[in-house]
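Working notes, beginning with the structure itself.
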Amino acid sequence: MSGALLRAGGTLKPGLPPVFACLGLLLVWQLYARTLSVGGIPDALSTVRELPTILGDRESLYDILDSLRRMAIGFAIALALSVPLGLLMGRSRLFAALVNPLLMVSYPVPKAALMPIIMLWLGVGDASKLLVIVLGVSLPIIYHAYQGARAVEEKMLWSASAMGMSGPARLARIVLPAALPEILVGCRTGIVLALITMITSEMIARQSGAGNILFSALDMAQYETVYAMILVISALGILLDVAFEYVRGALVGWSEPRHDLAPIPA
Amino acid sequence: MSALSRSEGLIGIVPILALLLLWQAAVSTGMAPPALLPSPLAVLARFAQNMADPAFLAHAGITLYRLFAGFLIALALGVPLGLLGATNRGVGAVLKPLVRVLAPVPKIALYPALILSLGFGDASKIVLVVADALFPILLATYQGAAMVEPKLVWSARAAGTSRGGTLFKVILPATLPSILTGSRIALVVACIVVFLAEMITSTDGLGYVLVRAVRNFQTVEMFVPLIAISVIGLALNGALALARRRLLAGFPDED
Amino acid sequence: MIAISGVTKTFQRRGGGTHLAIDAIDLDIAEGEFVSILGPSGCGKSTLLYIVGGFVAPSGGSVSVSGRAVTGPGPDRGPVFQEFALFPWKTVLGNVAYGLREAGLSRRDADAKATALIATVGLKGYETFYPKELSGGMKQRVAIARTLAYGPAILLMDEPFGALDAHTRLRLQNELLQLWERDRKTVLFVTHAVEEAVFLSDRVVVMTRQPGRIKAVVDIDLPRPRRRDELLLNPRYQRLVIDLERMIEDPPEEMRA
C-alpha cells in the first residue's frame with residue numbers, strides 16, 4: 001500500500017498539462033524565432049496564421065484527407081493480419097520459432113525505404129502506398145500481440161478446453177481478450193507508425209499527400225508552408241494519440257494505461 | 001530469443017530460406033522480369049562485391065557515424081532526464097506533459113525544419129536521430145526509475161547512503177534493465193531514421209546509395225543498402241544482447 | 001531508546017479526501033527490548049515502523065531515538081523488509097558489504113567482515129550467488145546479514161518472515177532469537193502472526209484498524225532463553241496466544257462497512 005502511495009506515479013495522465021506544454025512549446029518557438037531571427041525561420045504566430053490558408057485550400061485539404069484515408073485502410077489491413085499472426089505465435093512455440101527470425105531481420109529495415117522498389121512493381125498508385133503502410137504498421141502489432149498471448153495464464157486455457165472449447169475458439173474468446181491491453185499498446189505504436197510511414201513514403205514518391213506538400217514547399221522555399229505543414233502533421237500525431245487513448249480507456253479501462261516504449265518509425 | 005533452444009533457433013532459418021527459394025523460383029521461371037526483381041543470387045553477389053568496395057564502405061561508415069552520434073546524444077540526454085523526471089517532482093511535472101505531447105509527433109516531419117536551420121550536412125541528420133531515439137530511452141528510463149521498489153532506496157538510506165547518492169547507487173543500477181530495453185529500441189529507430197533522412201536529402205550514406213540506384217534504374221543495387229542496414233541492425237541488436245547478459249547477470253531473465 | 005509520541009499519518013486518497021492511517025500513537029521502547037506490533041492487515045503497523053525508520057514522515061507527532069529527533073533514515077536503525085529488498089545487481093557478498101563500504105571501510109575489510117557475517121547466518125559458500133539464485137529463506141538471511149553488517153543499535157523488522165513457508169519461518173524465528181540473545185539489540189518487529197509475536201517478544205503492542213490505534217500493550221512474561229517445543233506446552237504461553245488472538249479478531253466483513 002505505502003509503496004503505491006509513495007511512488008511518483010508511472011503513468012502519463014491526459015489533462016490540462018499537455019495543453020500547457022503545447023502552448024509553452026509554441027511560446028519558446030516564438031521567442032526563439034524573434035530573438036535570433038535566423039535565416040528564414042518563421043515565428044510561431046505567423047505559422048499559425050498560415051494554417052487557414054493550407055487547410056482552406058481545397059487541393060491540399062483533399063491531399064491530406066486522402067493521406068488519412070490510405071492510412072486508415074492500411075492500418076485496418078495490418079490489424080486484421082497481424083493480430084491473428086501474433087496470437088498464434090504466442091500460443092505456439094514452434095510457430096514463434098519459425099517466424100521470429102524473419103521478423104528480427106526485417107525489423108531494422110525502414111519500410112518506407114521499400115517504396116521505390118514497390119513502386120517498380122505496383123506503380124505509384126494507392127496500392128504501393130497501402131502496402132508500405134501495412135508493412136510499416138505490422139511489426140509492432142505482431143510483436144505486442146505475441147507478448148500478450150504468451151502471457152495468458154495457462155490455467156485459463158485449461159478450464160476453457162475442459163469446457164469443450166475448440167482451439168480456434170479458445171484463441172478468439174480467451175486469448176484475444178486477455179491479450180487485448182497488450183495488443184492496444186502495439187496499436188498505439190502502430191498509429192504513430194502509420195502516420196510516419198505515410199508521410200515518408202509520400203516524401204519519397206512525391207506524388208500527392210501531406211508528405212508531398214511538405215517537401216514541395218521546402219523545394220520552392222515556401223518556408224511558412226513548410227512550418228505550417230509540420231504543425232499540421234504534429235497535431236495529427238498528437239490528436240490520433242489522444243483519440244486512441246480514449247478508445248483504449250473504453251475498451252480496457254481495467255488495465256493500467258501504458259505508454260509504449262517502442263515507437264519504431266518505418 | 002534467449003529462451004529458445006538451439007534447435008528452435010535453427011527452425012527460424014526455414015521461412016527465410018523458403019522465401020529466398022520462392023524469390024529465386026519466381027525469377028528463374030520468368031514470372032518476374034529481372035529488371036523488376038533481380039535474383040537473390042545476383043543481389044547477394046553484388047552485396048559481397050560491395051563489401052569489398054571502399055566507396056560503399058565509406059557510405060556505410062558515414063551512416064554508422066550519424067547513427068552512433070545521434071544514439072549516444074539521445075542516451076546522454078534521455079537517461080538523466082528520465083531519472084530526474086521520475087525522482088524529482090518538479091522535473092516530472094514539466095517533463096511528463098512535454099513527453100506526452102512530443103512523443104507521438106512524427107519526428108521525420110521536423111526534418112525540413114532541421115534542414116532549414118542546420119543545413120543539409122550531418123548536423124540535421126544527427127539531430128533527427130536524436131529526436132527519434134530520445135523518446136524510447138527517456139520513456140523506458142522514466143518508467144523503470146518510477147517502478148524501482150522504494151524499499152531498495154530505503155535499505156540504502158538506512159545503510160548510510162545520502163539521498164543524492166541513492167540516485168547513482170540504487171536508482172540507476174535498478175533502472176539499468178529498462179535503460180537497455182529502451183536503448184535496444186532506440187538503436188533500431190536510429191537505423192531506420194538515419195537511412196530515411198539520407199534518402200530524402202543526401203549525397204552520401206546508405207540511404208543515398210539506394211536513391212542513386214533508383215535514379216539509375218539499377219534494381220540489383222537497390223537491394224544492397226537495404227541488406228546492409230538490416231545487417232547493421234542485427235549486429236547492434238546482438239551486441240546489446242551481449243551487453244545485457246554481462247551487465248544484468250543478477251536480474252531476472254527477460255527476452 | 002525509542003520514544004514515539006502522538007504520531008499520526010494521513011494519506012491523500014486518489015480522487016481527493018484523506019485517509020487516516022494511524023492515529024495518536026504513543027509508545028516508548030527501552031534499550032535491548034524486543035517489541036512486536038501486532039495487528040490485522042491495513043492497521044498501519046508497517047507505516048508506524050517506516051516512520052520510526054525515517055522513511056516516511058509523520059503527519060503529526062514525533063519520534064526520537066536516544067533523545068535525537070528522527071528526520072530521516074540512519075545506520076542506527078536497520079530495516080529488514082518482508083520483500084527482502086536485496087539489490088539484484090549485487091552478489092550476496094556485495095549486498096552484505098554494501099553498508100560497510102558506505103561506512104568507509106576499504107573493500108578488503110568490508111569483504112572480510114561481510115564474509116564472516118554470511119557464515120553467521122549460515123550461507124557460507126554462497127558469497128558469489130545473486131539474490132535471484134537463492135530461496136526466500138536464504139534471501140531473508142542475506143537481508144538480515146546486510147542490515148547487521150553496519151551494526152545498527154535498533155532492528156526494524158517489517159513482517160520479515162511473512163513471505164516464507166511455514167517451515168522456513170519457524171527456523172528463521174529460532175535463528176533470529178539466537179542472534180538476539182547474543183547481542184540484545186533493540187528490536188521493533190511488525191507481524192500479524194500471534195504466535196510469532198508471543199514467541200519472540202518482551203512486549204506485544206496490539207493495534208486496531210482504521211484508524212490504526214494502540215488497543216493494548218501486553219507484557220510477555222515468559223522466561224528466556226525460549227524454546228519453541230517447551231513453550232507450546234506452557235499454559236502461560238497458551239493463555240497469551242489465546243488472549244491476543246481474541247484481541248485482534250476482526251469483526252465480520254458485513255459489520256465493517
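Chains: A, B, ... in order of the C-alpha cells. Residues: from 1 per chain. Ligands: from 1, in order shown.
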For this session: Write out as a list in words which residues come within 8 Å of Lys132 (chain C) when counting only C-alpha atoms, dropping same-chain ones fewer than 6 positions away.
Result: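 In the requested form, the answer reads Gly250, Phe251 and Pro252 of chain B; Pro88 of chain C.
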Requested write-out: N, CA and C atoms of the selected residues, as a short mmCIF file (atom, residue, chain, number, x, y, z; two decimals), in the first residue's frame:
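Contents of selection_29.cif, freshly written:
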data_model
loop_
_atom_site.label_atom_id
_atom_site.label_comp_id
_atom_site.auth_asym_id
_atom_site.auth_seq_id
_atom_site.Cartn_x
_atom_site.Cartn_y
_atom_site.Cartn_z
N GLY B 250 22.60 -10.30 -12.47
CA GLY B 250 21.80 -10.54 -11.27
C GLY B 250 20.31 -10.39 -11.47
N PHE B 251 19.90 -9.82 -12.60
CA PHE B 251 18.47 -9.55 -12.78
C PHE B 251 17.75 -10.77 -13.34
N PRO B 252 16.43 -10.85 -13.08
CA PRO B 252 15.67 -11.97 -13.63
C PRO B 252 15.77 -11.99 -15.15
N PRO C 88 19.39 -6.48 -6.61
CA PRO C 88 19.50 -7.62 -7.52
C PRO C 88 20.80 -7.61 -8.32
#
Problem set entry | Shell around region 196-204 of chain C at 9 Å using only C-alpha atoms, local window under 3 positions removed, as a PyMOL selection string | chain C and resi 33-38+170+173-174+176-177+187+189-193+216-222+226-228+231+237+240-241+244
Restrict the calculation to only C-alpha atoms, then for each residue of chain B with any atom at most 12 Å from an atom of chain C give the closest atom pair and their distance in Å to one decimal, rows by chain and rising residue number, as JSON lines.
{"residue": "B:Val148", "atom": "CA", "partner": "C:Ala85", "partner_atom": "CA", "distance": 10.5}
{"residue": "B:Glu149", "atom": "CA", "partner": "C:Ala85", "partner_atom": "CA", "distance": 7.6}
{"residue": "B:Pro150", "atom": "CA", "partner": "C:Ala85", "partner_atom": "CA", "distance": 8.8}
{"residue": "B:Lys151", "atom": "CA", "partner": "C:Ala85", "partner_atom": "CA", "distance": 5.8}
{"residue": "B:Leu152", "atom": "CA", "partner": "C:Ala85", "partner_atom": "CA", "distance": 5.2}
{"residue": "B:Val153", "atom": "CA", "partner": "C:Ala85", "partner_atom": "CA", "distance": 8.8}
{"residue": "B:Trp154", "atom": "CA", "partner": "C:Phe55", "partner_atom": "CA", "distance": 6.3}
{"residue": "B:Ser155", "atom": "CA", "partner": "C:Pro79", "partner_atom": "CA", "distance": 6.7}
{"residue": "B:Ala156", "atom": "CA", "partner": "C:Gly99", "partner_atom": "CA", "distance": 7.6}
{"residue": "B:Arg157", "atom": "CA", "partner": "C:Pro73", "partner_atom": "CA", "distance": 5.8}
{"residue": "B:Ala158", "atom": "CA", "partner": "C:Gly74", "partner_atom": "CA", "distance": 4.7}
{"residue": "B:Ala159", "atom": "CA", "partner": "C:Gly99", "partner_atom": "CA", "distance": 4.7}
{"residue": "B:Gly160", "atom": "CA", "partner": "C:Pro75", "partner_atom": "CA", "distance": 5.5}
{"residue": "B:Thr161", "atom": "CA", "partner": "C:Glu102", "partner_atom": "CA", "distance": 6.4}
{"residue": "B:Ser162", "atom": "CA", "partner": "C:Pro73", "partner_atom": "CA", "distance": 9.3}
{"residue": "B:Arg163", "atom": "CA", "partner": "C:Pro73", "partner_atom": "CA", "distance": 9.7}
{"residue": "B:Gly165", "atom": "CA", "partner": "C:Glu102", "partner_atom": "CA", "distance": 10.2}
{"residue": "B:Thr166", "atom": "CA", "partner": "C:Glu102", "partner_atom": "CA", "distance": 11.3}
{"residue": "B:Lys169", "atom": "CA", "partner": "C:Phe87", "partner_atom": "CA", "distance": 9.9}
{"residue": "B:Val170", "atom": "CA", "partner": "C:Phe87", "partner_atom": "CA", "distance": 7.8}
{"residue": "B:Ile171", "atom": "CA", "partner": "C:Phe87", "partner_atom": "CA", "distance": 10.4}
{"residue": "B:Leu172", "atom": "CA", "partner": "C:Trp89", "partner_atom": "CA", "distance": 10.8}
{"residue": "B:Pro173", "atom": "CA", "partner": "C:Trp89", "partner_atom": "CA", "distance": 7.0}
{"residue": "B:Ala174", "atom": "CA", "partner": "C:Trp89", "partner_atom": "CA", "distance": 7.4}
{"residue": "B:Thr175", "atom": "CA", "partner": "C:Trp89", "partner_atom": "CA", "distance": 10.4}
{"residue": "B:Leu176", "atom": "CA", "partner": "C:Trp89", "partner_atom": "CA", "distance": 9.4}
{"residue": "B:Pro177", "atom": "CA", "partner": "C:Trp89", "partner_atom": "CA", "distance": 10.2}
{"residue": "B:Arg245", "atom": "CA", "partner": "C:Trp89", "partner_atom": "CA", "distance": 11.9}
{"residue": "B:Arg246", "atom": "CA", "partner": "C:Trp89", "partner_atom": "CA", "distance": 11.0}
{"residue": "B:Leu247", "atom": "CA", "partner": "C:Trp89", "partner_atom": "CA", "distance": 8.4}
{"residue": "B:Leu248", "atom": "CA", "partner": "C:Trp89", "partner_atom": "CA", "distance": 6.7}
{"residue": "B:Ala249", "atom": "CA", "partner": "C:Trp89", "partner_atom": "CA", "distance": 7.1}
{"residue": "B:Gly250", "atom": "CA", "partner": "C:Trp89", "partner_atom": "CA", "distance": 4.7}
{"residue": "B:Phe251", "atom": "CA", "partner": "C:Pro88", "partner_atom": "CA", "distance": 5.7}
{"residue": "B:Pro252", "atom": "CA", "partner": "C:Lys132", "partner_atom": "CA", "distance": 6.7}
{"residue": "B:Asp253", "atom": "CA", "partner": "C:Lys132", "partner_atom": "CA", "distance": 9.6}
Restricted to C-alpha atoms, what would the selected residues look like written as a compact mmCIF listing (two decimals), in the first residue's frame?
# COMPACT_ATOMS: atom_id res chain seq x y z
CA VAL B 148 12.06 0.99 -8.52
CA GLU B 149 10.97 -0.65 -5.28
CA PRO B 150 11.13 2.17 -2.67
CA LYS B 151 12.42 -0.32 -0.13
CA LEU B 152 15.62 -0.70 -2.14
CA VAL B 153 16.18 3.02 -1.70
CA TRP B 154 15.23 2.81 1.97
CA SER B 155 17.66 -0.04 2.55
CA ALA B 156 20.47 2.04 1.08
CA ARG B 157 19.45 5.15 3.01
CA ALA B 158 19.42 3.19 6.25
CA ALA B 159 22.89 1.86 5.41
CA GLY B 160 24.15 5.42 5.32
CA THR B 161 23.77 6.42 1.65
CA SER B 162 22.80 10.07 1.16
CA ARG B 163 19.61 10.99 -0.66
CA GLY B 165 23.80 9.08 -3.52
CA THR B 166 20.87 6.72 -3.96
CA LYS B 169 23.93 3.66 -6.17
CA VAL B 170 20.35 2.38 -6.29
CA ILE B 171 18.04 4.01 -8.84
CA LEU B 172 20.48 3.93 -11.75
CA PRO B 173 21.54 0.27 -11.38
CA ALA B 174 17.96 -0.77 -10.67
CA THR B 175 16.82 1.03 -13.83
CA LEU B 176 19.56 -0.47 -15.99
CA PRO B 177 17.37 -3.25 -17.45
CA ARG B 245 23.94 -10.62 -20.33
CA ARG B 246 27.15 -9.10 -18.96
CA LEU B 247 25.61 -6.16 -17.16
CA LEU B 248 22.44 -7.73 -15.88
CA ALA B 249 23.77 -11.01 -14.50
CA GLY B 250 21.80 -10.54 -11.27
CA PHE B 251 18.47 -9.55 -12.78
CA PRO B 252 15.67 -11.97 -13.63
CA ASP B 253 15.86 -13.31 -17.20
Problem set entry | Residues of region 11-247 of chain C in helix (DSSP H, G or I), written as a PyMOL selection string | chain C and resi 45-53+92-102+107-120+131-133+136-149+166-183+194-200+228-233+235-247
For this session: Could you please determine the separation between CA of Ala33 (chain A) and CA of Gly90 (chain B) in Å, to one decimal place?
Result: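 Spanning CA of Ala33 (chain A) to CA of Gly90 (chain B) is a straight-line distance of 27.5 Å.
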